[in-house]
file input-v1.txt (compact mmCIF, C-alpha atoms and all ligand atoms)
# COMPACT_ATOMS: atom_id res chain seq x y z
CA GLN A 7 141.22 122.48 91.39
CA ALA A 8 138.18 122.54 89.21
CA ARG A 9 135.02 122.30 91.26
CA GLN A 10 131.31 122.15 90.88
CA HIS A 11 129.97 125.66 90.92
CA SER A 12 126.73 127.06 92.19
CA PRO A 13 126.59 130.86 92.48
CA HIS A 14 123.84 130.70 95.07
CA SER A 15 125.19 127.92 97.25
CA PRO A 16 125.39 129.15 100.87
CA ASP A 17 128.69 127.36 101.55
CA ARG A 18 130.43 129.02 98.62
CA ALA A 19 133.63 130.86 99.59
CA PRO A 20 133.29 134.65 99.41
CA VAL A 21 134.74 136.33 96.35
CA GLN A 22 138.45 136.91 96.80
CA VAL A 23 139.71 140.51 96.54
CA VAL A 24 143.07 140.71 94.76
CA ALA A 25 145.13 143.92 94.78
CA HIS A 26 146.18 144.56 91.18
CA ARG A 27 149.85 145.67 91.15
CA GLY A 28 149.29 146.34 94.88
CA ALA A 29 146.91 149.07 96.04
CA SER A 30 147.84 150.72 92.77
CA GLU A 31 145.23 153.44 92.72
CA ASP A 32 146.62 154.94 95.92
CA ALA A 33 150.35 154.10 95.68
CA PRO A 34 152.87 153.60 92.86
CA GLU A 35 152.18 150.21 91.27
CA HIS A 36 154.49 147.27 91.93
CA THR A 37 156.32 148.99 94.80
CA LEU A 38 156.56 147.75 98.33
CA ALA A 39 154.51 150.84 99.30
CA ALA A 40 151.62 149.60 97.14
CA TYR A 41 151.80 146.04 98.48
CA VAL A 42 152.14 147.05 102.13
CA LYS A 43 149.06 149.24 101.70
CA ALA A 44 147.14 146.39 100.03
CA ILE A 45 147.92 144.11 102.98
CA GLU A 46 146.91 146.84 105.44
CA ASP A 47 143.70 147.40 103.46
CA GLY A 48 142.82 143.72 103.95
CA ALA A 49 143.32 142.35 100.43
CA ASP A 50 143.08 138.56 100.22
CA ALA A 51 145.76 138.36 97.55
CA LEU A 52 148.32 140.44 95.67
CA GLU A 53 148.76 140.49 91.89
CA CYS A 54 152.15 141.23 90.35
CA ASP A 55 153.79 141.05 86.94
CA VAL A 56 157.28 139.60 86.71
CA ARG A 57 160.09 140.15 84.21
CA LEU A 58 163.71 139.06 84.04
CA THR A 59 166.51 141.60 84.22
CA ALA A 60 169.64 141.32 82.05
CA ASP A 61 171.36 139.57 84.97
CA GLY A 62 168.55 137.08 85.46
CA GLN A 63 166.70 138.58 88.45
CA LEU A 64 162.91 138.50 88.64
CA VAL A 65 161.50 141.98 89.23
CA CYS A 66 157.95 143.23 89.54
CA VAL A 67 157.40 145.56 86.58
CA HIS A 68 154.42 145.67 84.24
CA ASP A 69 155.72 147.38 81.10
CA ARG A 70 158.51 146.11 78.88
CA ARG A 71 160.32 149.40 79.53
CA VAL A 72 160.80 151.31 82.76
CA ASN A 73 159.96 154.67 81.12
CA ARG A 74 156.38 155.07 82.42
CA THR A 75 156.88 154.09 86.05
CA SER A 76 160.39 155.36 86.83
CA ASN A 77 162.80 158.17 86.11
CA GLY A 78 164.88 155.85 83.90
CA ARG A 79 164.64 154.63 80.34
CA GLY A 80 165.07 151.30 78.60
CA ALA A 81 163.80 147.74 78.59
CA VAL A 82 163.91 145.76 81.84
CA SER A 83 165.53 142.90 79.95
CA THR A 84 168.53 145.07 78.99
CA LEU A 85 169.09 146.51 82.48
CA GLU A 86 170.76 144.84 85.44
CA LEU A 87 169.20 144.80 88.88
CA SER A 88 171.78 147.36 90.07
CA ASP A 89 170.68 149.72 87.24
CA LEU A 90 167.06 149.36 88.28
CA ALA A 91 167.93 149.81 91.95
CA ALA A 92 169.27 153.29 91.16
CA LEU A 93 165.90 154.42 89.76
CA ASP A 94 162.96 156.13 91.45
CA PHE A 95 159.77 154.12 90.88
CA GLY A 96 157.64 156.48 92.99
CA SER A 97 157.69 160.06 91.70
CA TRP A 98 155.64 159.39 88.55
CA LYS A 99 152.69 158.87 90.91
CA ASP A 100 153.04 162.28 92.60
CA SER A 101 149.86 164.34 92.70
CA GLU A 102 148.58 167.32 94.65
CA GLU A 103 146.89 165.04 97.17
CA SER A 104 149.81 162.65 97.40
CA PRO A 105 153.16 164.34 96.62
CA ASP A 106 156.77 163.23 97.08
CA TRP A 107 156.46 159.50 96.48
CA GLY A 108 160.06 159.44 95.31
CA ASP A 109 161.28 160.65 98.71
CA ARG A 110 159.41 158.01 100.60
CA GLU A 111 160.58 154.60 101.65
CA PHE A 112 159.66 151.54 99.64
CA THR A 113 159.47 153.02 96.15
CA SER A 114 162.57 151.49 94.61
CA VAL A 115 162.38 148.54 92.24
CA LEU A 116 160.79 145.50 93.85
CA THR A 117 162.23 142.04 93.38
CA LEU A 118 159.87 139.09 93.49
CA GLU A 119 162.01 137.68 96.27
CA ARG A 120 161.31 140.74 98.44
CA LEU A 121 157.61 140.48 97.71
CA LEU A 122 157.63 136.82 98.76
CA GLU A 123 159.33 137.84 102.01
CA LEU A 124 156.69 140.50 102.61
CA VAL A 125 153.91 137.95 102.12
CA ALA A 126 155.67 135.40 104.34
CA ASP A 127 155.87 138.03 107.11
CA ALA A 128 152.33 139.41 106.67
CA GLY A 129 151.05 137.74 109.85
CA ARG A 130 147.99 136.38 108.03
CA ARG A 131 147.32 134.42 104.86
CA VAL A 132 147.89 136.63 101.84
CA GLU A 133 147.87 134.85 98.48
CA LEU A 134 149.98 135.77 95.47
CA ALA A 135 148.88 135.85 91.83
CA ILE A 136 152.04 136.14 89.75
CA GLU A 137 151.81 136.99 86.06
CA THR A 138 154.59 136.03 83.63
CA LYS A 139 155.12 138.81 81.10
CA HIS A 140 156.39 138.15 77.57
CA PRO A 141 157.74 134.74 78.57
CA THR A 142 158.35 133.74 74.93
CA ARG A 143 161.33 136.09 74.68
CA TRP A 144 163.16 134.06 77.31
CA ALA A 145 162.14 130.59 76.08
CA GLY A 146 161.20 129.20 79.46
CA GLN A 147 163.69 131.05 81.65
CA VAL A 148 161.05 133.19 83.35
CA GLU A 149 159.12 130.10 84.44
CA GLU A 150 162.27 128.21 85.40
CA ARG A 151 163.55 130.98 87.64
CA LEU A 152 160.12 131.70 89.01
CA LEU A 153 159.57 128.08 90.04
CA HIS A 154 163.09 127.90 91.48
CA LEU A 155 162.34 130.92 93.67
CA LEU A 156 158.92 129.61 94.71
CA LYS A 157 160.54 126.30 95.64
CA ARG A 158 162.95 128.11 97.97
CA PHE A 159 159.92 129.55 99.76
CA GLY A 160 158.27 126.11 99.92
CA LEU A 161 155.51 127.20 97.56
CA THR A 162 155.73 124.43 94.97
CA GLU A 163 154.69 121.69 97.38
CA PRO A 164 151.13 120.32 97.30
CA PRO A 165 148.96 122.19 99.83
CA PRO A 166 147.83 120.24 102.92
CA ALA A 167 144.59 118.26 102.47
CA GLY A 168 141.58 120.58 102.34
CA GLU A 169 143.67 123.67 101.65
CA THR A 170 144.42 125.51 98.43
CA SER A 171 147.78 126.76 97.22
CA PRO A 172 148.60 130.30 98.40
CA VAL A 173 150.26 131.09 95.08
CA ARG A 174 149.08 130.89 91.46
CA ILE A 175 150.67 131.75 88.16
CA MET A 176 148.84 133.70 85.50
CA SER A 177 149.64 134.44 81.88
CA PHE A 178 148.18 135.52 78.55
CA SER A 179 150.55 132.89 77.13
CA ALA A 180 149.16 129.35 77.09
CA ARG A 181 152.69 128.15 76.43
CA SER A 182 153.92 129.72 79.64
CA LEU A 183 151.16 128.04 81.65
CA HIS A 184 151.86 124.74 79.97
CA ARG A 185 155.48 124.94 81.11
CA VAL A 186 154.39 125.74 84.67
CA ALA A 187 151.84 122.92 84.74
CA ALA A 188 154.42 120.43 83.48
CA ALA A 189 157.11 121.45 85.99
CA ALA A 190 154.94 122.25 89.03
CA PRO A 191 151.53 120.59 88.73
CA ASP A 192 150.47 121.63 92.23
CA ILE A 193 150.55 125.34 91.39
CA PRO A 194 147.23 126.57 89.96
CA THR A 195 147.45 128.34 86.61
CA VAL A 196 145.24 131.17 85.36
CA TYR A 197 144.73 131.75 81.62
CA LEU A 198 144.27 135.49 81.03
CA MET A 199 142.01 136.58 78.19
CA GLN A 200 141.61 140.04 76.75
CA PHE A 201 139.15 138.98 74.05
CA LEU A 202 136.90 135.96 73.78
CA SER A 203 138.34 133.92 70.95
CA PRO A 204 135.90 131.62 69.08
CA ARG A 205 137.90 128.50 69.98
CA LEU A 206 137.35 129.15 73.70
CA ARG A 207 133.63 129.93 73.62
CA ASP A 208 132.60 126.47 74.82
CA GLY A 209 134.26 127.13 78.19
CA ARG A 210 137.29 124.90 77.73
CA LEU A 211 140.75 126.34 78.42
CA PRO A 212 144.09 125.59 76.76
CA ALA A 213 146.06 122.60 78.09
CA GLY A 214 147.85 123.48 81.31
CA ALA A 215 145.38 126.21 82.30
CA ARG A 216 143.16 125.55 85.29
CA ILE A 217 141.47 128.85 86.15
CA ALA A 218 139.95 131.34 83.68
CA GLY A 219 141.09 134.98 83.82
CA PRO A 220 138.78 137.02 81.57
CA GLY A 221 139.05 140.79 81.35
CA MET A 222 136.09 142.81 82.64
CA ARG A 223 135.07 143.67 79.08
CA ILE A 224 134.46 139.98 78.34
CA VAL A 225 132.36 139.68 81.50
CA ARG A 226 130.24 142.71 80.55
CA ASN A 227 129.74 141.62 76.95
CA HIS A 228 129.42 137.86 77.46
CA PRO A 229 128.02 137.09 80.93
CA ALA A 230 126.78 133.70 79.68
CA TYR A 231 130.40 132.76 78.98
CA ILE A 232 131.14 133.00 82.72
CA GLU A 233 128.40 130.44 83.35
CA ARG A 234 129.92 128.19 80.68
CA LEU A 235 133.33 128.42 82.36
CA HIS A 236 131.78 127.47 85.68
CA ARG A 237 129.87 124.60 84.11
CA ALA A 238 133.14 123.38 82.61
CA GLY A 239 134.51 123.29 86.19
CA HIS A 240 136.78 126.34 86.03
CA ARG A 241 137.07 129.01 88.65
CA VAL A 242 136.92 132.56 87.24
CA HIS A 243 139.24 135.42 88.24
CA VAL A 244 138.28 138.74 86.61
CA TRP A 245 140.52 141.77 85.95
CA THR A 246 140.57 144.74 86.31
CA VAL A 247 137.40 145.44 88.30
CA ASN A 248 137.36 149.01 89.58
CA GLU A 249 133.79 150.28 89.14
CA PRO A 250 131.08 149.45 91.72
CA GLU A 251 128.67 148.25 89.02
CA ASP A 252 131.33 145.87 87.69
CA VAL A 253 131.89 144.51 91.20
CA ASP A 254 128.13 143.92 91.46
CA LEU A 255 128.07 142.12 88.11
CA CYS A 256 131.00 139.89 89.09
CA VAL A 257 129.35 139.02 92.40
CA SER A 258 126.02 138.24 90.73
CA LEU A 259 127.82 135.89 88.33
CA GLY A 260 129.55 134.15 91.23
CA VAL A 261 133.13 134.74 90.11
CA GLU A 262 135.78 133.50 92.53
CA ALA A 263 138.18 136.47 92.44
CA ILE A 264 138.05 140.17 91.64
CA ILE A 265 141.36 141.74 90.68
CA THR A 266 141.22 145.48 91.41
CA ASN A 267 143.35 148.60 91.76
CA ARG A 268 141.07 149.60 94.66
CA PRO A 269 141.05 146.74 97.18
CA LYS A 270 139.84 148.93 100.04
CA GLN A 271 136.83 150.28 98.16
CA VAL A 272 135.88 146.82 96.88
CA LEU A 273 136.18 145.26 100.36
CA SER A 274 134.00 148.07 101.67
CA GLN A 275 131.41 147.56 98.93
CA LEU A 276 131.33 143.85 99.78
CA GLY A 277 130.72 144.72 103.44
CA ARG A 278 134.00 143.14 104.52
CA ILE A 279 135.40 146.27 106.17
O1 LIG A 301 145.49 140.41 86.50
C1 LIG A 301 145.56 140.34 85.13
C2 LIG A 301 145.89 141.68 84.55
O2 LIG A 301 146.90 142.27 85.31
C3 LIG A 301 146.31 141.54 83.13
O3 LIG A 301 146.58 142.76 82.50
O4 LIG A 301 148.10 144.41 81.56
O5 LIG A 301 147.34 144.67 83.89
O6 LIG A 301 148.95 142.88 83.31
P1 LIG A 301 147.80 143.71 82.83
CA CA A 302 149.21 141.87 85.42
call {"tool": "encode", "arguments": {"input": "input-v1.txt", "output": "structure tokens", "more": "lines below"}}
Ligand code: G3P
Ligand code: CA
result
Amino acid sequence: QARQHSPHSPDRAPVQVVAHRGASEDAPEHTLAAYVKAIEDGADALECDVRLTADGQLVCVHDRRVNRTSNGRGAVSTLELSDLAALDFGSWKDSEESPDWGDREFTSVLTLERLLELVADAGRRVELAIETKHPTRWAGQVEERLLHLLKRFGLTEPPPAGETSPVRIMSFSARSLHRVAAAAPDIPTVYLMQFLSPRLRDGRLPAGARIAGPGMRIVRNHPAYIERLHRAGHRVHVWTVNEPEDVDLCVSLGVEAIITNRPKQVLSQLGRI
């Protein structure tokens, strides 16, 4: 879905606000609590990272291990879903202003399937930006199971004429995106970049990648690169944009999506709420 870009064109769609790991500044990341809040806050889309458990279930967890965001220990890939379901993914976020997350509802491990149900029941269009984490370890199984699940929800079909897909798949791994593009060409792919590698400076993306996903540091240090991406016909989705001046910079460069831990504050800054 490459398109001609003009940052100042009046008919350009407004920048999309994507809740990174849910409303993860206010609620424990990757829990239903964080995603419900993001939907209530008015986010246009939800970002989540997915990993496979030892018994082949896709769960929304960022780190390789559960140590930081739960009261358990160990790698997601060595634990079964029932092991993860016994853990508390909320209490690590307790603070004086917001205590007792572990005692609240919706802070157990979140499966991607449950997140898809939440989005399906949101009552308005909420898009999903799903990131495959360390897909090389599983040699294609993450993508295979992900696409299987998306198919069950009818999300691998081409969108109706004039509409865009409500789901996209992101990765730092070009190989992962290549697999997705080959198996499900109607799902947009986002190539995430932490650094600007010399081979990408001309604005072209690896095969299979449709949308560019530069980190905020790239945008700050190389604003001309964003123009090159647009000239090459790529949409640009920037992460993780939390500071008001970074939001301003992204807007002035005409990026298509801002991925943020603070969807409410960004929507407010943009005058949308
Ligand atoms: O949205 C992309 C961004 O989430 C990539 O970095 O480490 O937060 O998954 P990370
Ligand atoms: Ca991510």
call {"tool": "closest_atom_pairs", "arguments": {"input": "input-v1.txt", "of": "chain A", "to": "ligand LIG 301 (chain A)", "cutoff": "7 Å", "atoms": "only C-alpha atoms and all ligand atoms", "output": "JSON lines"}}
result
{"residue": "A:His26", "atom": "CA", "partner": "A:LIG301", "partner_atom": "O1", "distance": 6.3}
{"residue": "A:Glu53", "atom": "CA", "partner": "A:LIG301", "partner_atom": "O1", "distance": 6.3}
{"residue": "A:Asp55", "atom": "CA", "partner": "A:LIG301", "partner_atom": "O6", "distance": 6.3}
{"residue": "A:His68", "atom": "CA", "partner": "A:LIG301", "partner_atom": "O6", "distance": 6.2}
{"residue": "A:Leu198", "atom": "CA", "partner": "A:LIG301", "partner_atom": "C1", "distance": 6.5}
{"residue": "A:Trp245", "atom": "CA", "partner": "A:LIG301", "partner_atom": "O1", "distance": 5.2}
{"residue": "A:Thr246", "atom": "CA", "partner": "A:LIG301", "partner_atom": "C2", "distance": 6.4}
{"residue": "A:Ile265", "atom": "CA", "partner": "A:LIG301", "partner_atom": "O1", "distance": 6.0}
call {"tool": "write_last_selection", "arguments": {"input": "input-v1.txt", "atoms": "C-alpha atoms", "output": "short mmCIF file (atom, residue, chain, number, x, y, z; two decimals), keeping the file's coordinate frame"}}
result
data_model
loop_
_atom_site.label_atom_id
_atom_site.label_comp_id
_atom_site.auth_asym_id
_atom_site.auth_seq_id
_atom_site.Cartn_x
_atom_site.Cartn_y
_atom_site.Cartn_z
CA HIS A 26 146.18 144.56 91.18
CA GLU A 53 148.76 140.49 91.89
CA ASP A 55 153.79 141.05 86.94
CA HIS A 68 154.42 145.67 84.24
CA LEU A 198 144.27 135.49 81.03
CA TRP A 245 140.52 141.77 85.95
CA THR A 246 140.57 144.74 86.31
CA ILE A 265 141.36 141.74 90.68
#
call {"tool": "closest_residue", "arguments": {"input": "input-v1.txt", "among": "A:Ser179, A:Gln22, A:Ser104, A:Gln271", "to": "Thr138 in chain A", "atoms": "only C-alpha atoms"}}
result
A:Ser179
call {"tool": "closest_atom_pairs", "arguments": {"input": "input-v1.txt", "of": "chain A", "to": "ligand CA 302 (chain A)", "cutoff": "12 Å", "atoms": "all atoms listed in the file", "output": "tab-separated table"}}
result
residue	atom	partner	partner_atom	distance
A:Val24	CA	A:CA302	CA	11.2
A:Ala25	CA	A:CA302	CA	10.4
A:His26	CA	A:CA302	CA	7.0
A:Arg27	CA	A:CA302	CA	6.9
A:Gly28	CA	A:CA302	CA	10.5
A:Ser30	CA	A:CA302	CA	11.6
A:Glu35	CA	A:CA302	CA	10.6
A:His36	CA	A:CA302	CA	10.0
A:Leu52	CA	A:CA302	CA	10.4
A:Glu53	CA	A:CA302	CA	6.6
A:Cys54	CA	A:CA302	CA	5.8
A:Asp55	CA	A:CA302	CA	4.9
A:Val56	CA	A:CA302	CA	8.5
A:Arg57	CA	A:CA302	CA	11.1
A:Cys66	CA	A:CA302	CA	9.8
A:Val67	CA	A:CA302	CA	9.1
A:His68	CA	A:CA302	CA	6.6
A:Asp69	CA	A:CA302	CA	9.6
A:Leu134	CA	A:CA302	CA	11.8
A:Ala135	CA	A:CA302	CA	8.8
A:Ile136	CA	A:CA302	CA	7.7
A:Glu137	CA	A:CA302	CA	5.6
A:Thr138	CA	A:CA302	CA	8.1
A:Lys139	CA	A:CA302	CA	7.9
A:His140	CA	A:CA302	CA	11.3
A:Ile175	CA	A:CA302	CA	10.6
A:Met176	CA	A:CA302	CA	8.2
A:Ser177	CA	A:CA302	CA	8.2
A:Phe178	CA	A:CA302	CA	9.4
A:Val196	CA	A:CA302	CA	11.4
A:Tyr197	CA	A:CA302	CA	11.7
A:Leu198	CA	A:CA302	CA	9.2
A:Met199	CA	A:CA302	CA	11.5
A:Gln200	CA	A:CA302	CA	11.7
A:Gly219	CA	A:CA302	CA	10.8
A:Gly221	CA	A:CA302	CA	11.0
A:Val244	CA	A:CA302	CA	11.4
A:Trp245	CA	A:CA302	CA	8.7
A:Thr246	CA	A:CA302	CA	9.1
A:Ile265	CA	A:CA302	CA	9.5
A:Thr266	CA	A:CA302	CA	10.6
A:Asn267	CA	A:CA302	CA	10.9
call {"tool": "atom_distance", "arguments": {"input": "input-v1.txt", "atom1": "CA of Thr75 in chain A", "atom2": "CA of Thr37 in chain A"}}
result
10.1 Å
call {"tool": "closest_atom_pairs", "arguments": {"input": "input-v1.txt", "of": "range 14-109 of chain A", "to": "range 151-166 of chain A", "cutoff": "9 Å", "atoms": "all atoms listed in the file", "output": "CSV"}}
result
residue,atom,partner,partner_atom,distance
A:Val56,CA,A:Leu152,CA,8.7
A:Leu58,CA,A:Arg151,CA,8.8
A:Gly62,CA,A:Arg151,CA,8.2
A:Gln63,CA,A:Arg151,CA,8.3
A:Leu64,CA,A:Leu152,CA,7.4
call {"tool": "residues_around", "arguments": {"input": "input-v1.txt", "residues": "His240 in chain A", "least_positions_apart": "2", "cutoff": "12 Å", "atoms": "all atoms listed in the file", "output": "PyMOL selection string"}}
result
chain A and resi 7-12+194-197+208-212+215-220+231-238+242-243+260-262
call {"tool": "closest_residue", "arguments": {"input": "input-v1.txt", "among": "A:Ala60, A:Arg268, A:Ile279, A:Phe112", "to": "Ala81 in chain A", "atoms": "only C-alpha atoms"}}
result
A:Ala60
call {"tool": "closest_atom_pairs", "arguments": {"input": "input-v1.txt", "of": "range 40-86 of chain A", "to": "range 123-126 of chain A", "cutoff": "12 Å", "atoms": "only C-alpha atoms", "output": "CSV"}}
result
residue,atom,partner,partner_atom,distance
A:Ala40,CA,A:Leu124,CA,11.8
A:Tyr41,CA,A:Leu124,CA,8.5
A:Val42,CA,A:Leu124,CA,8.0
A:Lys43,CA,A:Leu124,CA,11.6
A:Ala44,CA,A:Val125,CA,11.0
A:Ile45,CA,A:Val125,CA,8.6
A:Glu46,CA,A:Val125,CA,11.8
A:Ala49,CA,A:Val125,CA,11.6
A:Asp50,CA,A:Val125,CA,11.0
A:Ala51,CA,A:Val125,CA,9.4
A:Leu52,CA,A:Val125,CA,8.9
A:Glu53,CA,A:Val125,CA,11.7
call {"tool": "atom_distance", "arguments": {"input": "input-v1.txt", "atom1": "CA of Pro34 in chain A", "atom2": "CA of Gly96 in chain A"}}
result
5.6 Å
call {"tool": "atom_distance", "arguments": {"input": "input-v1.txt", "atom1": "CA of Val272 in chain A", "atom2": "CA of Pro250 in chain A"}}
result
7.5 Å
call {"tool": "residues_near_point", "arguments": {"input": "input-v1.txt", "point": "(139.2, 147.4, 104.5)", "cutoff": "6 Å", "atoms": "all atoms listed in the file", "output": "number ranges by chain"}}
result
A: 47-48, 270, 273-274, 279
call {"tool": "closest_residue", "arguments": {"input": "input-v1.txt", "among": "A:Glu133, A:Asp252, A:Gly214, A:Thr84", "to": "Arg174 in chain A", "atoms": "all atoms listed in the file"}}
result
A:Glu133
call {"tool": "closest_residue", "arguments": {"input": "input-v1.txt", "among": "A:Asp61, A:Glu149, A:Glu251, A:Glu111", "to": "Asp89 in chain A", "atoms": "all atoms listed in the file"}}
result
A:Asp61
call {"tool": "closest_residue", "arguments": {"input": "input-v1.txt", "among": "A:Met222, A:Leu259, A:Arg130, A:Glu119", "to": "Pro172 in chain A", "atoms": "all atoms listed in the file"}}
result
A:Arg130
call {"tool": "closest_residue", "arguments": {"input": "input-v1.txt", "among": "A:Glu103, A:Arg205, A:Glu31, A:Thr59", "to": "Ala91 in chain A", "atoms": "all atoms listed in the file"}}
result
A:Thr59
call {"tool": "axis_aligned_box", "arguments": {"input": "input-v1.txt", "around": "range 210-226 of chain A", "padding_each_side": "4 Å", "output": "JSON"}}
result
{"center_x": 139.0, "center_y": 133.1, "center_z": 81.5, "size_x": 25.6, "size_y": 29.1, "size_z": 17.4}
